[in-house]
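Structure below is target-v6.cif: mmCIF, N, CA and C atoms and all ligand atoms.
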```cif
data_coords
#
loop_
_atom_site.label_atom_id
_atom_site.label_comp_id
_atom_site.auth_asym_id
_atom_site.auth_seq_id
_atom_site.Cartn_x
_atom_site.Cartn_y
_atom_site.Cartn_z
N VAL X 1 82.61 115.29 78.75
CA VAL X 1 82.11 114.56 77.57
C VAL X 1 80.91 113.71 77.99
N LYS X 2 79.85 113.78 77.24
CA LYS X 2 78.62 113.04 77.53
C LYS X 2 78.90 111.55 77.50
N ASP X 3 78.32 110.83 78.47
CA ASP X 3 78.44 109.37 78.54
C ASP X 3 79.87 108.91 78.84
N CYS X 4 80.73 109.80 79.31
CA CYS X 4 82.06 109.37 79.76
C CYS X 4 82.01 109.12 81.26
N LEU X 5 82.34 107.89 81.66
CA LEU X 5 82.24 107.50 83.08
C LEU X 5 83.09 108.40 83.97
N PHE X 6 84.35 108.67 83.58
CA PHE X 6 85.21 109.42 84.48
C PHE X 6 84.90 110.92 84.45
N CYS X 7 84.37 111.45 83.35
CA CYS X 7 83.82 112.82 83.38
C CYS X 7 82.67 112.87 84.39
N SER X 8 81.83 111.84 84.41
CA SER X 8 80.68 111.82 85.32
C SER X 8 81.14 111.71 86.78
N ILE X 9 82.15 110.91 87.05
CA ILE X 9 82.68 110.84 88.42
C ILE X 9 83.27 112.20 88.80
N ALA X 10 83.99 112.83 87.88
CA ALA X 10 84.62 114.12 88.18
C ALA X 10 83.58 115.20 88.47
N ASP X 11 82.44 115.16 87.78
CA ASP X 11 81.44 116.22 88.01
C ASP X 11 80.38 115.81 89.04
N GLY X 12 80.55 114.64 89.67
CA GLY X 12 79.67 114.24 90.76
C GLY X 12 78.42 113.50 90.31
N GLY X 13 78.23 113.30 89.02
CA GLY X 13 77.04 112.61 88.52
C GLY X 13 77.04 111.12 88.80
N VAL X 14 78.24 110.55 88.96
CA VAL X 14 78.38 109.14 89.33
C VAL X 14 79.21 109.08 90.61
N ASP X 15 78.77 108.29 91.58
CA ASP X 15 79.45 108.19 92.87
C ASP X 15 80.78 107.45 92.76
N ALA X 16 81.72 107.88 93.58
CA ALA X 16 82.98 107.16 93.71
C ALA X 16 83.55 107.48 95.08
N ASP X 17 84.49 106.66 95.52
CA ASP X 17 85.17 106.88 96.80
C ASP X 17 86.35 107.83 96.53
N ILE X 18 86.06 109.12 96.58
CA ILE X 18 87.05 110.14 96.20
C ILE X 18 88.03 110.36 97.35
N VAL X 19 89.32 110.28 97.04
CA VAL X 19 90.35 110.43 98.07
C VAL X 19 91.11 111.74 97.93
N SER X 20 91.00 112.41 96.78
CA SER X 20 91.67 113.70 96.60
C SER X 20 90.97 114.44 95.48
N SER X 21 90.82 115.75 95.67
CA SER X 21 90.10 116.55 94.68
C SER X 21 90.72 117.94 94.65
N THR X 22 91.17 118.37 93.47
CA THR X 22 91.69 119.73 93.30
C THR X 22 90.91 120.37 92.15
N SER X 23 91.25 121.59 91.80
CA SER X 23 90.53 122.27 90.73
C SER X 23 90.71 121.54 89.39
N GLU X 24 91.82 120.84 89.23
CA GLU X 24 92.13 120.20 87.94
C GLU X 24 92.05 118.68 87.95
N VAL X 25 92.13 118.07 89.15
CA VAL X 25 92.37 116.62 89.25
C VAL X 25 91.44 115.99 90.29
N VAL X 26 90.96 114.79 90.00
CA VAL X 26 90.21 114.00 90.97
C VAL X 26 90.86 112.64 91.09
N ALA X 27 90.91 112.12 92.32
CA ALA X 27 91.44 110.77 92.56
C ALA X 27 90.41 109.98 93.35
N PHE X 28 90.18 108.74 92.93
CA PHE X 28 89.17 107.90 93.59
C PHE X 28 89.61 106.45 93.55
N ARG X 29 89.08 105.65 94.49
CA ARG X 29 89.49 104.24 94.58
C ARG X 29 88.89 103.44 93.43
N ASP X 30 89.72 102.57 92.86
CA ASP X 30 89.25 101.69 91.79
C ASP X 30 88.17 100.76 92.34
N ILE X 31 87.11 100.56 91.56
CA ILE X 31 85.98 99.74 92.00
C ILE X 31 86.36 98.25 92.08
N ASN X 32 87.43 97.87 91.39
CA ASN X 32 87.88 96.47 91.35
C ASN X 32 89.38 96.43 91.64
N PRO X 33 89.74 96.74 92.92
CA PRO X 33 91.16 96.96 93.24
C PRO X 33 92.02 95.72 93.05
N GLN X 34 93.20 95.92 92.50
CA GLN X 34 94.14 94.83 92.24
C GLN X 34 95.32 94.86 93.21
N SER X 35 95.26 95.73 94.21
CA SER X 35 96.30 95.84 95.23
C SER X 35 95.67 96.56 96.41
N PRO X 36 96.28 96.47 97.60
CA PRO X 36 95.69 97.12 98.78
C PRO X 36 95.41 98.61 98.55
N THR X 37 96.32 99.32 97.93
CA THR X 37 96.02 100.67 97.44
C THR X 37 95.87 100.59 95.93
N HIS X 38 94.72 101.02 95.43
CA HIS X 38 94.51 101.09 93.97
C HIS X 38 93.61 102.28 93.71
N VAL X 39 94.24 103.39 93.36
CA VAL X 39 93.55 104.66 93.17
C VAL X 39 93.71 105.08 91.71
N LEU X 40 92.68 105.67 91.14
CA LEU X 40 92.74 106.22 89.79
C LEU X 40 92.81 107.74 89.90
N VAL X 41 93.78 108.33 89.21
CA VAL X 41 93.97 109.78 89.25
C VAL X 41 93.68 110.31 87.84
N VAL X 42 92.72 111.21 87.74
CA VAL X 42 92.24 111.66 86.42
C VAL X 42 92.14 113.18 86.36
N PRO X 43 92.33 113.73 85.16
CA PRO X 43 92.05 115.17 84.98
C PRO X 43 90.54 115.38 84.93
N ARG X 44 90.06 116.49 85.49
CA ARG X 44 88.62 116.80 85.39
C ARG X 44 88.20 117.00 83.94
N ARG X 45 89.10 117.64 83.18
CA ARG X 45 88.81 117.90 81.77
C ARG X 45 89.08 116.64 80.96
N HIS X 46 88.18 116.33 80.04
CA HIS X 46 88.32 115.09 79.29
C HIS X 46 89.54 115.11 78.35
N ILE X 47 90.38 114.08 78.51
CA ILE X 47 91.49 113.80 77.58
C ILE X 47 91.39 112.29 77.34
N ASP X 48 91.51 111.84 76.09
CA ASP X 48 91.29 110.41 75.80
C ASP X 48 92.32 109.50 76.47
N SER X 49 93.58 109.88 76.38
CA SER X 49 94.67 109.05 76.91
C SER X 49 95.95 109.86 76.81
N VAL X 50 97.09 109.32 77.26
CA VAL X 50 98.34 110.05 77.10
C VAL X 50 98.68 110.29 75.63
N ALA X 51 98.11 109.46 74.75
CA ALA X 51 98.36 109.66 73.31
C ALA X 51 97.73 110.94 72.80
N ALA X 52 96.79 111.50 73.54
CA ALA X 52 96.08 112.71 73.10
C ALA X 52 96.57 113.97 73.82
N LEU X 53 97.66 113.84 74.61
CA LEU X 53 98.15 115.01 75.36
C LEU X 53 98.72 116.07 74.41
N ALA X 54 98.49 117.32 74.76
CA ALA X 54 99.01 118.45 73.99
C ALA X 54 99.82 119.35 74.93
N ALA X 55 100.54 120.28 74.34
CA ALA X 55 101.38 121.18 75.14
C ALA X 55 100.56 121.88 76.23
N ALA X 56 99.31 122.18 75.94
CA ALA X 56 98.46 122.89 76.91
C ALA X 56 98.12 122.04 78.13
N ASP X 57 98.42 120.74 78.08
CA ASP X 57 98.09 119.85 79.19
C ASP X 57 99.23 119.70 80.20
N ARG X 58 100.33 120.42 79.99
CA ARG X 58 101.48 120.26 80.87
C ARG X 58 101.14 120.54 82.33
N ASP X 59 100.36 121.59 82.57
CA ASP X 59 100.05 121.96 83.95
C ASP X 59 99.22 120.90 84.65
N VAL X 60 98.23 120.37 83.93
CA VAL X 60 97.39 119.36 84.58
C VAL X 60 98.18 118.08 84.83
N LEU X 61 99.11 117.76 83.94
CA LEU X 61 99.96 116.58 84.17
C LEU X 61 100.82 116.77 85.41
N ALA X 62 101.35 117.97 85.56
CA ALA X 62 102.16 118.25 86.76
C ALA X 62 101.30 118.09 88.01
N ASP X 63 100.06 118.57 87.96
CA ASP X 63 99.16 118.43 89.10
C ASP X 63 98.88 116.95 89.39
N ILE X 64 98.66 116.17 88.33
CA ILE X 64 98.39 114.74 88.51
C ILE X 64 99.54 114.08 89.26
N PHE X 65 100.78 114.40 88.88
CA PHE X 65 101.91 113.74 89.56
C PHE X 65 102.15 114.29 90.96
N ASP X 66 101.77 115.54 91.22
CA ASP X 66 101.78 116.03 92.60
C ASP X 66 100.79 115.24 93.45
N VAL X 67 99.59 115.03 92.92
CA VAL X 67 98.56 114.28 93.66
C VAL X 67 99.03 112.84 93.90
N ILE X 68 99.62 112.22 92.88
CA ILE X 68 100.11 110.85 93.03
C ILE X 68 101.16 110.77 94.16
N ALA X 69 102.10 111.68 94.16
CA ALA X 69 103.16 111.64 95.20
C ALA X 69 102.56 111.86 96.58
N SER X 70 101.60 112.77 96.67
CA SER X 70 100.98 113.07 97.95
C SER X 70 100.13 111.90 98.45
N LEU X 71 99.39 111.27 97.55
CA LEU X 71 98.59 110.09 97.94
C LEU X 71 99.49 108.93 98.36
N ALA X 72 100.61 108.74 97.65
CA ALA X 72 101.52 107.66 98.01
C ALA X 72 102.02 107.85 99.44
N ARG X 73 102.29 109.09 99.82
CA ARG X 73 102.68 109.37 101.21
C ARG X 73 101.52 109.08 102.16
N ASP X 74 100.33 109.60 101.83
CA ASP X 74 99.15 109.41 102.69
C ASP X 74 98.84 107.93 102.90
N GLU X 75 99.04 107.14 101.85
CA GLU X 75 98.69 105.71 101.92
C GLU X 75 99.82 104.89 102.52
N GLY X 76 100.94 105.56 102.86
CA GLY X 76 102.04 104.87 103.52
C GLY X 76 102.80 103.90 102.63
N LEU X 77 102.92 104.25 101.36
CA LEU X 77 103.56 103.33 100.41
C LEU X 77 105.08 103.51 100.42
N ASP X 78 105.67 103.41 101.61
CA ASP X 78 107.09 103.69 101.79
C ASP X 78 107.99 102.68 101.08
N GLU X 79 107.46 101.48 100.83
CA GLU X 79 108.26 100.45 100.16
C GLU X 79 108.17 100.55 98.65
N GLY X 80 107.37 101.50 98.16
CA GLY X 80 107.27 101.69 96.72
C GLY X 80 105.85 101.53 96.21
N TYR X 81 105.70 101.82 94.96
CA TYR X 81 104.38 101.73 94.34
C TYR X 81 104.57 101.74 92.83
N ARG X 82 103.48 101.47 92.13
CA ARG X 82 103.52 101.47 90.68
C ARG X 82 102.50 102.46 90.14
N VAL X 83 102.88 103.19 89.09
CA VAL X 83 101.98 104.12 88.39
C VAL X 83 101.86 103.60 86.96
N VAL X 84 100.61 103.36 86.54
CA VAL X 84 100.37 102.76 85.22
C VAL X 84 99.32 103.56 84.47
N THR X 85 99.53 103.76 83.19
CA THR X 85 98.46 104.28 82.35
C THR X 85 98.40 103.43 81.09
N ASN X 86 97.22 102.92 80.78
CA ASN X 86 97.02 102.06 79.62
C ASN X 86 96.52 102.90 78.46
N VAL X 87 96.99 102.57 77.27
CA VAL X 87 96.58 103.26 76.05
C VAL X 87 96.12 102.22 75.03
N GLY X 88 94.85 102.27 74.67
CA GLY X 88 94.35 101.46 73.57
C GLY X 88 94.20 99.98 73.89
N PRO X 89 93.73 99.22 72.92
CA PRO X 89 93.36 97.82 73.14
C PRO X 89 94.52 96.91 73.53
N ASP X 90 95.71 97.08 72.97
CA ASP X 90 96.80 96.17 73.34
C ASP X 90 97.14 96.29 74.82
N ALA X 91 97.01 97.49 75.38
CA ALA X 91 97.33 97.68 76.80
C ALA X 91 96.12 97.42 77.70
N GLY X 92 94.94 97.27 77.10
CA GLY X 92 93.75 96.98 77.89
C GLY X 92 93.06 98.20 78.45
N GLN X 93 93.21 99.35 77.80
CA GLN X 93 92.48 100.54 78.26
C GLN X 93 90.98 100.30 78.11
N SER X 94 90.24 100.37 79.21
CA SER X 94 88.81 100.07 79.16
C SER X 94 87.95 101.31 79.37
N VAL X 95 88.53 102.40 79.85
CA VAL X 95 87.79 103.66 80.00
C VAL X 95 88.56 104.73 79.22
N PRO X 96 87.93 105.29 78.18
CA PRO X 96 88.65 106.22 77.30
C PRO X 96 88.70 107.66 77.83
N HIS X 97 89.07 107.79 79.12
CA HIS X 97 89.34 109.09 79.75
C HIS X 97 90.65 108.89 80.50
N LEU X 98 91.65 109.71 80.19
CA LEU X 98 92.99 109.55 80.77
C LEU X 98 92.94 109.27 82.28
N HIS X 99 93.62 108.23 82.70
CA HIS X 99 93.71 107.91 84.13
C HIS X 99 95.02 107.21 84.41
N PHE X 100 95.57 107.52 85.58
CA PHE X 100 96.78 106.87 86.06
C PHE X 100 96.39 106.00 87.25
N HIS X 101 96.76 104.72 87.17
CA HIS X 101 96.56 103.82 88.30
C HIS X 101 97.71 104.03 89.28
N LEU X 102 97.40 104.35 90.52
CA LEU X 102 98.39 104.36 91.61
C LEU X 102 98.15 103.09 92.41
N MET X 103 99.12 102.18 92.36
CA MET X 103 98.95 100.87 92.98
C MET X 103 100.09 100.62 93.96
N GLY X 104 99.74 100.08 95.12
CA GLY X 104 100.76 99.79 96.11
C GLY X 104 100.23 98.92 97.22
N GLY X 105 101.12 98.59 98.15
CA GLY X 105 100.74 97.78 99.29
C GLY X 105 101.03 96.30 99.09
N ARG X 106 101.60 95.96 97.95
CA ARG X 106 102.08 94.59 97.72
C ARG X 106 103.22 94.65 96.71
N ARG X 107 103.87 93.50 96.51
CA ARG X 107 104.99 93.41 95.57
C ARG X 107 104.44 93.11 94.17
N PHE X 108 104.92 93.82 93.16
CA PHE X 108 104.51 93.59 91.77
C PHE X 108 105.63 92.91 91.00
N SER X 109 105.23 92.13 90.02
CA SER X 109 106.25 91.51 89.16
C SER X 109 106.57 92.44 88.00
N TRP X 110 107.75 92.21 87.42
CA TRP X 110 108.17 92.92 86.23
C TRP X 110 108.91 91.95 85.33
N PRO X 111 108.64 91.93 84.02
CA PRO X 111 107.66 92.76 83.33
C PRO X 111 106.22 92.31 83.61
N PRO X 112 105.25 93.21 83.36
CA PRO X 112 103.86 92.85 83.56
C PRO X 112 103.44 91.80 82.52
N GLY X 113 102.40 91.06 82.83
CA GLY X 113 101.96 89.99 81.93
C GLY X 113 101.29 90.52 80.68
P1 LIG X 201 91.86 100.72 82.38
O1 LIG X 201 91.49 99.28 82.17
O2 LIG X 201 91.14 101.61 81.40
O3 LIG X 201 93.32 100.99 82.46
O4 LIG X 201 91.33 101.08 83.83
C1 LIG X 201 90.00 101.35 84.11
C2 LIG X 201 89.79 101.08 85.57
O5 LIG X 201 88.55 101.67 85.95
C3 LIG X 201 89.69 99.59 85.93
O6 LIG X 201 90.71 99.27 86.86
C4 LIG X 201 88.28 99.46 86.54
O7 LIG X 201 88.25 98.58 87.64
C5 LIG X 201 87.95 100.89 86.94
N1 LIG X 201 86.53 101.20 86.91
C6 LIG X 201 85.64 100.86 85.93
N2 LIG X 201 84.42 101.34 86.23
C7 LIG X 201 84.55 102.00 87.42
C8 LIG X 201 83.62 102.71 88.24
O8 LIG X 201 82.43 102.84 87.94
N3 LIG X 201 84.11 103.24 89.39
C9 LIG X 201 85.41 103.11 89.76
N4 LIG X 201 85.78 103.67 90.93
N5 LIG X 201 86.32 102.46 89.00
C10 LIG X 201 85.89 101.90 87.85
ZN ZN X 202 85.81 111.96 80.15
#
```
Output the file's structure as structure tokens, nothing else.
Amino acid sequence: VKDCLFCSIADGGVDADIVSSTSEVVAFRDINPQSPTHVLVVPRRHIDSVAALAAADRDVLADIFDVIASLARDEGLDEGYRVVTNVGPDAGQSVPHLHFHLMGGRRFSWPPG
């Protein structure tokens, strides 16, 4: 999608610190990390958010969670980690391209603020 930041990162038009890349999924470090590990995992193909997922997206979702589990191992998050996806203004979604935050390396509170 034109003028979509994460489409541009996925196609190489905008630089990012990419930590994992498959045919369907790209993962890169968040530019403003909120934990020692803070990686964004996104589909290459534009999807607005989890609210826009369709049956045809099942395979890419499975790939996303494979990448998340593999990165969590690579990053040594043996004590646990958090996976977050924000949808819309109440949740604070600021980039309208589906992304999962993989966060770890510190203790998180629950419920979130
Ligand atoms: P959201 O607020 O939509 O859930 O998450 C968007 C995330 O994208 C934020 O954590 C923000 O720091 C990150 N972000 C925004 N712009 C860029 C960028 O240009 N590069 C990278 N690597 N992350 C970005
Ligand atoms: Zn996009």
So which one's closest to ligand LIG 201 (chain X), X:Arg45, X:Arg73, X:Arg58, X:Arg29? Using all atoms listed in the file, please.
X:Arg29
Edge lengths and centre, in Å to one decimal, as lines of an AutoDock Vina configuration file: that's what I need for the box along x, y and z that holds all listed atoms of ligand LIG 201 (chain X) plus 3 Å on each side.
```
center_x = 87.9
center_y = 101.1
center_z = 86.2
size_x = 16.9
size_y = 11.1
size_z = 15.5
```
Nearby polymer residues, ligand ZN 202 (chain X), at most 6.5 Å, all atoms listed in the file, as an MDAnalysis selection string
chainID X and resid 1 4:8 45:47 96:98
Produce as a ChimeraX atom specification the set of residues near ligand LIG 201 (chain X), where near means within 6 Å with only N, CA and C atoms and all ligand atoms considered.
/X:16-17,28-33,85-86,92-96
Could you check how far atom C of X:Glu79 sits from atom N of X:Asp63, in Å to one decimal?
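Atom-to-atom, atom C of X:Glu79 to atom N of X:Asp63, that is 22.5 Å.
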Residues at most 7 Å from X:His38, counting only C-alpha atoms, excluding those fewer than 2 positions away in the same chain, as an MDAnalysis selection string?
chainID X and resid 29:30 33:36 40 101:104
So which residues of chain X fall under strand (DSSP E or B) by DSSP, listed as a list in words?
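Matching residues, listed in order: Ile18, Val19, Ser20, Ser21, Val25, Val26, Ala27, Phe28, Arg29, Thr37, His38, Val39, Leu40, Val41, Val42, Pro43, Tyr81, Arg82, Val83, Val84, Phe100, His101, Leu102, Met103 and Gly104 of chain X.
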Print the selection's residues with N, CA and C atoms to a file, as a PDB file, keeping the file's coordinate frame.
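Contents of result-v8.pdb, freshly written:
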```pdb
ATOM      1  N   ILE X  18      86.060 109.120  96.580  1.00  0.00           N
ATOM      2  CA  ILE X  18      87.050 110.140  96.200  1.00  0.00           C
ATOM      3  C   ILE X  18      88.030 110.360  97.350  1.00  0.00           C
ATOM      4  N   VAL X  19      89.320 110.280  97.040  1.00  0.00           N
ATOM      5  CA  VAL X  19      90.350 110.430  98.070  1.00  0.00           C
ATOM      6  C   VAL X  19      91.110 111.740  97.930  1.00  0.00           C
ATOM      7  N   SER X  20      91.000 112.410  96.780  1.00  0.00           N
ATOM      8  CA  SER X  20      91.670 113.700  96.600  1.00  0.00           C
ATOM      9  C   SER X  20      90.970 114.440  95.480  1.00  0.00           C
ATOM     10  N   SER X  21      90.820 115.750  95.670  1.00  0.00           N
ATOM     11  CA  SER X  21      90.100 116.550  94.680  1.00  0.00           C
ATOM     12  C   SER X  21      90.720 117.940  94.650  1.00  0.00           C
ATOM     13  N   VAL X  25      92.130 118.070  89.150  1.00  0.00           N
ATOM     14  CA  VAL X  25      92.370 116.620  89.250  1.00  0.00           C
ATOM     15  C   VAL X  25      91.440 115.990  90.290  1.00  0.00           C
ATOM     16  N   VAL X  26      90.960 114.790  90.000  1.00  0.00           N
ATOM     17  CA  VAL X  26      90.210 114.000  90.970  1.00  0.00           C
ATOM     18  C   VAL X  26      90.860 112.640  91.090  1.00  0.00           C
ATOM     19  N   ALA X  27      90.910 112.120  92.320  1.00  0.00           N
ATOM     20  CA  ALA X  27      91.440 110.770  92.560  1.00  0.00           C
ATOM     21  C   ALA X  27      90.410 109.980  93.350  1.00  0.00           C
ATOM     22  N   PHE X  28      90.180 108.740  92.930  1.00  0.00           N
ATOM     23  CA  PHE X  28      89.170 107.900  93.590  1.00  0.00           C
ATOM     24  C   PHE X  28      89.610 106.450  93.550  1.00  0.00           C
ATOM     25  N   ARG X  29      89.080 105.650  94.490  1.00  0.00           N
ATOM     26  CA  ARG X  29      89.490 104.240  94.580  1.00  0.00           C
ATOM     27  C   ARG X  29      88.890 103.440  93.430  1.00  0.00           C
ATOM     28  N   THR X  37      96.320  99.320  97.930  1.00  0.00           N
ATOM     29  CA  THR X  37      96.020 100.670  97.440  1.00  0.00           C
ATOM     30  C   THR X  37      95.870 100.590  95.930  1.00  0.00           C
ATOM     31  N   HIS X  38      94.720 101.020  95.430  1.00  0.00           N
ATOM     32  CA  HIS X  38      94.510 101.090  93.970  1.00  0.00           C
ATOM     33  C   HIS X  38      93.610 102.280  93.710  1.00  0.00           C
ATOM     34  N   VAL X  39      94.240 103.390  93.360  1.00  0.00           N
ATOM     35  CA  VAL X  39      93.550 104.660  93.170  1.00  0.00           C
ATOM     36  C   VAL X  39      93.710 105.080  91.710  1.00  0.00           C
ATOM     37  N   LEU X  40      92.680 105.670  91.140  1.00  0.00           N
ATOM     38  CA  LEU X  40      92.740 106.220  89.790  1.00  0.00           C
ATOM     39  C   LEU X  40      92.810 107.740  89.900  1.00  0.00           C
ATOM     40  N   VAL X  41      93.780 108.330  89.210  1.00  0.00           N
ATOM     41  CA  VAL X  41      93.970 109.780  89.250  1.00  0.00           C
ATOM     42  C   VAL X  41      93.680 110.310  87.840  1.00  0.00           C
ATOM     43  N   VAL X  42      92.720 111.210  87.740  1.00  0.00           N
ATOM     44  CA  VAL X  42      92.240 111.660  86.420  1.00  0.00           C
ATOM     45  C   VAL X  42      92.140 113.180  86.360  1.00  0.00           C
ATOM     46  N   PRO X  43      92.330 113.730  85.160  1.00  0.00           N
ATOM     47  CA  PRO X  43      92.050 115.170  84.980  1.00  0.00           C
ATOM     48  C   PRO X  43      90.540 115.380  84.930  1.00  0.00           C
ATOM     49  N   TYR X  81     105.700 101.820  94.960  1.00  0.00           N
ATOM     50  CA  TYR X  81     104.380 101.730  94.340  1.00  0.00           C
ATOM     51  C   TYR X  81     104.570 101.740  92.830  1.00  0.00           C
ATOM     52  N   ARG X  82     103.480 101.470  92.130  1.00  0.00           N
ATOM     53  CA  ARG X  82     103.520 101.470  90.680  1.00  0.00           C
ATOM     54  C   ARG X  82     102.500 102.460  90.140  1.00  0.00           C
ATOM     55  N   VAL X  83     102.880 103.190  89.090  1.00  0.00           N
ATOM     56  CA  VAL X  83     101.980 104.120  88.390  1.00  0.00           C
ATOM     57  C   VAL X  83     101.860 103.600  86.960  1.00  0.00           C
ATOM     58  N   VAL X  84     100.610 103.360  86.540  1.00  0.00           N
ATOM     59  CA  VAL X  84     100.370 102.760  85.220  1.00  0.00           C
ATOM     60  C   VAL X  84      99.320 103.560  84.470  1.00  0.00           C
ATOM     61  N   PHE X 100      95.570 107.520  85.580  1.00  0.00           N
ATOM     62  CA  PHE X 100      96.780 106.870  86.060  1.00  0.00           C
ATOM     63  C   PHE X 100      96.390 106.000  87.250  1.00  0.00           C
ATOM     64  N   HIS X 101      96.760 104.720  87.170  1.00  0.00           N
ATOM     65  CA  HIS X 101      96.560 103.820  88.300  1.00  0.00           C
ATOM     66  C   HIS X 101      97.710 104.030  89.280  1.00  0.00           C
ATOM     67  N   LEU X 102      97.400 104.350  90.520  1.00  0.00           N
ATOM     68  CA  LEU X 102      98.390 104.360  91.610  1.00  0.00           C
ATOM     69  C   LEU X 102      98.150 103.090  92.410  1.00  0.00           C
ATOM     70  N   MET X 103      99.120 102.180  92.360  1.00  0.00           N
ATOM     71  CA  MET X 103      98.950 100.870  92.980  1.00  0.00           C
ATOM     72  C   MET X 103     100.090 100.620  93.960  1.00  0.00           C
ATOM     73  N   GLY X 104      99.740 100.080  95.120  1.00  0.00           N
ATOM     74  CA  GLY X 104     100.760  99.790  96.110  1.00  0.00           C
ATOM     75  C   GLY X 104     100.230  98.920  97.220  1.00  0.00           C
TER      76      GLY X 104
END
```
Nearest to X:Arg82: which of X:Ser70, X:Gly105, X:Val50, X:Leu61 is it, counting all atoms listed in the file?
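The answer is X:Gly105, which sits nearest to X:Arg82.
A straight-line distance of 6.7 Å separates atom CA of X:Val87 from atom C of X:Ser49.
Here atom N of X:Asp3 is placed at a distance of 21.5 Å from atom N of X:Ala54.
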Choose the residue, out of X:Ala69, X:Val14, X:Val60, X:Ala52, that has the smallest atom-to-atom separation from X:Val83; count only C-alpha atoms.
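Nearest to X:Val83: X:Ala69.
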Using DSSP on the backbone coordinates, identify all residues within stretch 30-86 of chain X classified as helix (DSSP H, G or I); present the result as a ChimeraX atom specification.
/X:50-52,55-74
